[in-house]
Amino acid sequence: FCCKNDLSFVRMRLLLLLLLLQTTAVFCFLSSSSSSKSLLSRRGRELFETIETRTVQPTKEDLDELKAALVFVCARVPKASLDEVRDAAQRVESIGEQLGIGQASSSTGLLSGEWELLYSSDDPTRTSPFFWAFRKAFPDNADKIFQITDTIPAPIKEVGSTFQTIDLSEGSTSGSFVSKVRVKTLNGFASSTMTTKASIIGLDGVDSIRLKIDTTKPEEWTMYDRLFGPLGPMISENAPAFPSGDVLEKAKPGASEVILKTSYCDEGIRISQNGESSNNDIFVWKRTELSSQEIL
């Protein structure tokens, strides 16, 4: 790493270690039997093949069934392969495009709201744009660090629920983005919500938005409670956020800006990727204010 004498850089390395130490691959599974999920996944594939041979336009009901198949593939235990999830997602995207549903995500206003992670092709923390920016800033070191920390087993590190909140009005080119990942270390001895805040600074085509990382902060950190007792929550709330965006810019100009690409987004589900990654990642989200049935 460079900037050996830069105090801010040292602080950022410490923050990154805290972020990475508290990560693991854990997902929000919907309740259903494995046999039902397998059957629904197979039905989704068969339905898509049938739709492709039709001479008539697919229907909204067809799309809903393909979305249901995607949701259940995302929730399958053991975890579905990336190819399985990508195939299910591409079916939704293809029929959605034919019906004019879920398209042009950067301008419809449907990105706005709170979203809960259903599936990540990578460690769930990698859904945070902070890590996309970190990889841009330190391309020679990021993957090496991730490979080491990803092998740390539970209960030394565990990841809880992962959420994103987006505020982007229809037709607007600016707004806000917040990523929250609940993480625990040492069998729950310490836990926090790792929060990265970013600004939406523009659109990138019809399906992508540009984000600029602003700050990163461990919120609701229980170590404050252990150290300061009743004063812990107040200290945690008022502790300053780390200016991760500025530090990333010092390491490599332009590194704090990333692209969120969303290939499908409607009132219930969202399919997104790191728009600058060559890893073929895929992240499937559901809108939190809707039940499992309503997202379809």
# chains A, B, ... in the order shown; residues from 1 in each chain; ligands from 1
>>> select_by_dssp(residues="stretch 137-177 of chain A", states="strand (DSSP E)", output="PyMOL selection string")
chain A and resi 157-167+175-177
>>> closest_atom_pairs(of="stretch 103-186 of chain A", to="stretch 267-289 of chain A", cutoff="12 Å", atoms="only C-alpha atoms", output="JSON lines")
{"residue": "A:Gln103", "atom": "CA", "partner": "A:Arg270", "partner_atom": "CA", "distance": 10.6}
{"residue": "A:Ser105", "atom": "CA", "partner": "A:Arg270", "partner_atom": "CA", "distance": 9.3}
{"residue": "A:Ser106", "atom": "CA", "partner": "A:Ser272", "partner_atom": "CA", "distance": 11.6}
{"residue": "A:Thr108", "atom": "CA", "partner": "A:Glu267", "partner_atom": "CA", "distance": 10.9}
{"residue": "A:Gly109", "atom": "CA", "partner": "A:Glu267", "partner_atom": "CA", "distance": 10.2}
{"residue": "A:Leu110", "atom": "CA", "partner": "A:Glu267", "partner_atom": "CA", "distance": 6.6}
{"residue": "A:Leu111", "atom": "CA", "partner": "A:Arg270", "partner_atom": "CA", "distance": 8.0}
{"residue": "A:Ser112", "atom": "CA", "partner": "A:Arg287", "partner_atom": "CA", "distance": 9.6}
{"residue": "A:Gly113", "atom": "CA", "partner": "A:Arg287", "partner_atom": "CA", "distance": 7.1}
{"residue": "A:Glu114", "atom": "CA", "partner": "A:Thr288", "partner_atom": "CA", "distance": 5.8}
{"residue": "A:Trp115", "atom": "CA", "partner": "A:Arg287", "partner_atom": "CA", "distance": 4.5}
{"residue": "A:Glu116", "atom": "CA", "partner": "A:Lys286", "partner_atom": "CA", "distance": 5.4}
{"residue": "A:Leu117", "atom": "CA", "partner": "A:Trp285", "partner_atom": "CA", "distance": 4.5}
{"residue": "A:Leu118", "atom": "CA", "partner": "A:Trp285", "partner_atom": "CA", "distance": 5.2}
{"residue": "A:Tyr119", "atom": "CA", "partner": "A:Val284", "partner_atom": "CA", "distance": 5.1}
{"residue": "A:Ser120", "atom": "CA", "partner": "A:Phe283", "partner_atom": "CA", "distance": 4.7}
{"residue": "A:Ser121", "atom": "CA", "partner": "A:Ile282", "partner_atom": "CA", "distance": 5.6}
{"residue": "A:Asp122", "atom": "CA", "partner": "A:Asp281", "partner_atom": "CA", "distance": 7.0}
{"residue": "A:Asp123", "atom": "CA", "partner": "A:Phe283", "partner_atom": "CA", "distance": 10.5}
{"residue": "A:Pro124", "atom": "CA", "partner": "A:Phe283", "partner_atom": "CA", "distance": 8.8}
{"residue": "A:Thr125", "atom": "CA", "partner": "A:Phe283", "partner_atom": "CA", "distance": 11.1}
{"residue": "A:Arg126", "atom": "CA", "partner": "A:Asn274", "partner_atom": "CA", "distance": 9.4}
{"residue": "A:Thr127", "atom": "CA", "partner": "A:Phe283", "partner_atom": "CA", "distance": 7.1}
{"residue": "A:Ser128", "atom": "CA", "partner": "A:Asn274", "partner_atom": "CA", "distance": 9.5}
{"residue": "A:Pro129", "atom": "CA", "partner": "A:Asn274", "partner_atom": "CA", "distance": 7.9}
{"residue": "A:Phe130", "atom": "CA", "partner": "A:Asn274", "partner_atom": "CA", "distance": 11.2}
{"residue": "A:Phe131", "atom": "CA", "partner": "A:Asn274", "partner_atom": "CA", "distance": 10.2}
{"residue": "A:Trp132", "atom": "CA", "partner": "A:Asn274", "partner_atom": "CA", "distance": 7.3}
{"residue": "A:Ala133", "atom": "CA", "partner": "A:Glu276", "partner_atom": "CA", "distance": 10.1}
{"residue": "A:Arg135", "atom": "CA", "partner": "A:Ser277", "partner_atom": "CA", "distance": 9.7}
{"residue": "A:Lys136", "atom": "CA", "partner": "A:Glu276", "partner_atom": "CA", "distance": 9.4}
{"residue": "A:Pro139", "atom": "CA", "partner": "A:Ser277", "partner_atom": "CA", "distance": 11.7}
{"residue": "A:Asp143", "atom": "CA", "partner": "A:Asn279", "partner_atom": "CA", "distance": 11.6}
{"residue": "A:Ser161", "atom": "CA", "partner": "A:Thr288", "partner_atom": "CA", "distance": 11.5}
{"residue": "A:Thr162", "atom": "CA", "partner": "A:Trp285", "partner_atom": "CA", "distance": 9.6}
{"residue": "A:Phe163", "atom": "CA", "partner": "A:Trp285", "partner_atom": "CA", "distance": 8.7}
{"residue": "A:Gln164", "atom": "CA", "partner": "A:Trp285", "partner_atom": "CA", "distance": 8.9}
{"residue": "A:Thr165", "atom": "CA", "partner": "A:Arg287", "partner_atom": "CA", "distance": 9.8}
{"residue": "A:Ile166", "atom": "CA", "partner": "A:Arg287", "partner_atom": "CA", "distance": 11.0}
>>> write_last_selection(atoms="N, CA, C and O atoms", output="short mmCIF file (atom, residue, chain, number, x, y, z; two decimals), in the first residue's frame")
data_model
loop_
_atom_site.label_atom_id
_atom_site.label_comp_id
_atom_site.auth_asym_id
_atom_site.auth_seq_id
_atom_site.Cartn_x
_atom_site.Cartn_y
_atom_site.Cartn_z
N GLN A 103 -37.92 -2.20 -16.91
CA GLN A 103 -36.85 -1.64 -17.73
C GLN A 103 -36.59 -0.17 -17.38
O GLN A 103 -37.33 0.47 -16.64
N SER A 105 -34.47 1.38 -15.49
CA SER A 105 -34.54 1.55 -14.04
C SER A 105 -34.03 2.88 -13.55
O SER A 105 -34.46 3.38 -12.50
N SER A 106 -33.11 3.50 -14.29
CA SER A 106 -32.52 4.74 -13.79
C SER A 106 -33.45 5.95 -13.91
O SER A 106 -33.17 7.00 -13.33
N THR A 108 -37.26 5.54 -13.98
CA THR A 108 -38.66 5.28 -13.64
C THR A 108 -39.04 5.69 -12.22
O THR A 108 -40.22 5.80 -11.90
N GLY A 109 -38.05 5.85 -11.36
CA GLY A 109 -38.34 6.14 -9.96
C GLY A 109 -38.54 4.90 -9.11
O GLY A 109 -38.66 4.98 -7.88
N LEU A 110 -38.58 3.71 -9.74
CA LEU A 110 -38.83 2.47 -9.00
C LEU A 110 -37.63 2.01 -8.17
O LEU A 110 -37.77 1.16 -7.29
N LEU A 111 -36.45 2.57 -8.44
CA LEU A 111 -35.29 2.23 -7.61
C LEU A 111 -35.47 2.72 -6.17
O LEU A 111 -34.92 2.14 -5.23
N SER A 112 -36.25 3.78 -6.00
CA SER A 112 -36.43 4.37 -4.68
C SER A 112 -37.11 3.40 -3.73
O SER A 112 -38.03 2.68 -4.09
N GLY A 113 -36.63 3.40 -2.49
CA GLY A 113 -37.22 2.56 -1.45
C GLY A 113 -36.15 1.79 -0.71
O GLY A 113 -34.95 1.94 -0.95
N GLU A 114 -36.59 0.96 0.23
CA GLU A 114 -35.66 0.11 0.98
C GLU A 114 -35.71 -1.30 0.43
O GLU A 114 -36.78 -1.87 0.22
N TRP A 115 -34.53 -1.89 0.23
CA TRP A 115 -34.40 -3.20 -0.39
C TRP A 115 -33.63 -4.15 0.53
O TRP A 115 -32.64 -3.74 1.15
N GLU A 116 -34.07 -5.41 0.60
CA GLU A 116 -33.39 -6.42 1.40
C GLU A 116 -32.78 -7.47 0.47
O GLU A 116 -33.42 -7.92 -0.49
N LEU A 117 -31.56 -7.88 0.76
CA LEU A 117 -30.85 -8.81 -0.10
C LEU A 117 -31.45 -10.21 -0.04
O LEU A 117 -31.66 -10.77 1.03
N LEU A 118 -31.71 -10.78 -1.22
CA LEU A 118 -32.15 -12.16 -1.33
C LEU A 118 -31.01 -13.09 -1.75
O LEU A 118 -30.93 -14.23 -1.29
N TYR A 119 -30.16 -12.60 -2.62
CA TYR A 119 -29.08 -13.44 -3.14
C TYR A 119 -27.90 -12.57 -3.56
O TYR A 119 -28.09 -11.50 -4.16
N SER A 120 -26.70 -13.03 -3.23
CA SER A 120 -25.47 -12.38 -3.69
C SER A 120 -24.55 -13.46 -4.23
O SER A 120 -24.33 -14.49 -3.58
N SER A 121 -24.00 -13.25 -5.41
CA SER A 121 -23.06 -14.20 -5.98
C SER A 121 -21.72 -14.17 -5.27
O SER A 121 -20.89 -15.07 -5.45
N ASP A 122 -21.50 -13.15 -4.45
CA ASP A 122 -20.28 -12.99 -3.69
C ASP A 122 -20.65 -12.86 -2.22
O ASP A 122 -21.83 -12.95 -1.86
N ASP A 123 -19.66 -12.65 -1.36
CA ASP A 123 -19.95 -12.37 0.04
C ASP A 123 -20.94 -11.20 0.10
O ASP A 123 -20.81 -10.23 -0.65
N PRO A 124 -21.96 -11.26 0.96
CA PRO A 124 -22.98 -10.20 1.00
C PRO A 124 -22.43 -8.79 1.20
O PRO A 124 -23.02 -7.82 0.72
N THR A 125 -21.30 -8.67 1.89
CA THR A 125 -20.73 -7.33 2.07
C THR A 125 -20.32 -6.71 0.75
O THR A 125 -20.23 -5.49 0.62
N ARG A 126 -20.08 -7.55 -0.26
CA ARG A 126 -19.66 -7.03 -1.55
C ARG A 126 -20.78 -6.35 -2.31
O ARG A 126 -20.58 -5.81 -3.40
N THR A 127 -21.98 -6.39 -1.77
CA THR A 127 -23.06 -5.61 -2.36
C THR A 127 -22.89 -4.13 -2.06
O THR A 127 -23.52 -3.28 -2.70
N SER A 128 -22.06 -3.80 -1.07
CA SER A 128 -21.82 -2.40 -0.71
C SER A 128 -20.90 -1.75 -1.73
O SER A 128 -19.83 -2.29 -2.04
N PRO A 129 -21.26 -0.59 -2.25
CA PRO A 129 -20.40 0.08 -3.23
C PRO A 129 -19.05 0.50 -2.65
O PRO A 129 -18.13 0.80 -3.40
N PHE A 130 -18.94 0.52 -1.31
CA PHE A 130 -17.63 0.83 -0.70
C PHE A 130 -16.58 -0.16 -1.19
O PHE A 130 -15.45 0.22 -1.52
N PHE A 131 -16.93 -1.45 -1.27
CA PHE A 131 -15.97 -2.46 -1.68
C PHE A 131 -15.67 -2.37 -3.17
O PHE A 131 -14.58 -2.72 -3.62
N TRP A 132 -16.65 -1.93 -3.97
CA TRP A 132 -16.38 -1.72 -5.38
C TRP A 132 -15.33 -0.62 -5.55
O TRP A 132 -14.41 -0.75 -6.36
N ALA A 133 -15.51 0.46 -4.77
CA ALA A 133 -14.57 1.57 -4.83
C ALA A 133 -13.20 1.17 -4.28
O ALA A 133 -12.16 1.58 -4.82
N ARG A 135 -11.83 -1.75 -4.42
CA ARG A 135 -11.14 -2.54 -5.44
C ARG A 135 -10.57 -1.64 -6.53
O ARG A 135 -9.48 -1.92 -7.07
N LYS A 136 -11.26 -0.56 -6.88
CA LYS A 136 -10.75 0.37 -7.87
C LYS A 136 -9.52 1.10 -7.36
O LYS A 136 -8.56 1.34 -8.10
N PRO A 139 -6.36 -2.13 -6.77
CA PRO A 139 -6.64 -3.32 -7.58
C PRO A 139 -5.67 -4.48 -7.34
O PRO A 139 -6.03 -5.64 -7.55
N ASP A 143 -8.34 -8.12 -3.87
CA ASP A 143 -8.75 -9.52 -3.96
C ASP A 143 -7.98 -10.41 -3.00
O ASP A 143 -8.54 -11.36 -2.45
N SER A 161 -28.64 -9.37 8.27
CA SER A 161 -29.43 -8.82 7.17
C SER A 161 -28.67 -7.71 6.45
O SER A 161 -27.90 -6.96 7.04
N THR A 162 -28.91 -7.63 5.16
CA THR A 162 -28.26 -6.63 4.32
C THR A 162 -29.35 -5.81 3.61
O THR A 162 -30.25 -6.37 2.99
N PHE A 163 -29.24 -4.49 3.74
CA PHE A 163 -30.26 -3.59 3.19
C PHE A 163 -29.63 -2.48 2.38
O PHE A 163 -28.48 -2.09 2.62
N GLN A 164 -30.38 -1.96 1.43
CA GLN A 164 -30.01 -0.74 0.71
C GLN A 164 -31.23 0.17 0.63
O GLN A 164 -32.35 -0.31 0.40
N THR A 165 -31.00 1.46 0.85
CA THR A 165 -32.06 2.44 0.73
C THR A 165 -31.66 3.44 -0.35
O THR A 165 -30.58 4.04 -0.28
N ILE A 166 -32.52 3.59 -1.34
CA ILE A 166 -32.24 4.46 -2.48
C ILE A 166 -33.30 5.54 -2.55
O ILE A 166 -34.50 5.28 -2.40
#
>>> residues_around(residues="A:Ala89", least_positions_apart="2", cutoff="9 Å", atoms="only C-alpha atoms", output="ChimeraX atom specification")
/A:66-67,70,84-87,91-94,264,271,282,284
>>> closest_atom_pairs(of="stretch 203-245 of chain A", to="stretch 182-191 of chain A", cutoff="9 Å", atoms="only C-alpha atoms", output="JSON lines")
{"residue": "A:Pro218", "atom": "CA", "partner": "A:Ser191", "partner_atom": "CA", "distance": 8.9}
{"residue": "A:Glu220", "atom": "CA", "partner": "A:Ser191", "partner_atom": "CA", "distance": 7.7}
{"residue": "A:Trp221", "atom": "CA", "partner": "A:Ser191", "partner_atom": "CA", "distance": 5.7}
{"residue": "A:Thr222", "atom": "CA", "partner": "A:Ala190", "partner_atom": "CA", "distance": 5.6}
{"residue": "A:Met223", "atom": "CA", "partner": "A:Ala190", "partner_atom": "CA", "distance": 5.8}
{"residue": "A:Arg226", "atom": "CA", "partner": "A:Ala190", "partner_atom": "CA", "distance": 8.9}
>>> select_by_dssp(residues="stretch 236-280 of chain A", states="alpha helix (DSSP H)", output="JSON, numbers by chain")
{"A": [236, 237, 238, 244, 245, 246, 247, 248, 249, 250, 251]}
>>> closest_residue(among="A:Leu211, A:Ala75, A:Leu227, A:Ile200", to="A:Gly254", atoms="only C-alpha atoms")
A:Leu211
>>> residues_around(residues="A:Ser199", least_positions_apart="5", cutoff="7 Å", atoms="only C-alpha atoms", output="ChimeraX atom specification")
/A:175-177,211-214
>>> atom_distance(atom1="atom CA of A:Pro155", atom2="atom CA of A:Thr216")
24.1 Å
>>> closest_residue(among="A:Leu168, A:Phe138, A:Lys197, A:Glu61", to="A:Lys180", atoms="only C-alpha atoms")
A:Lys197
>>> closest_residue(among="A:Cys265, A:Leu82, A:Ala251, A:Val206", to="A:Ala104", atoms="only C-alpha atoms")
A:Val206
>>> closest_residue(among="A:Lys252, A:Ile259, A:Glu219, A:Leu203", to="A:Asn238", atoms="only C-alpha atoms")
A:Glu219
>>> atom_distance(atom1="atom CA of A:Asp62", atom2="atom CA of A:Leu99")
10.3 Å
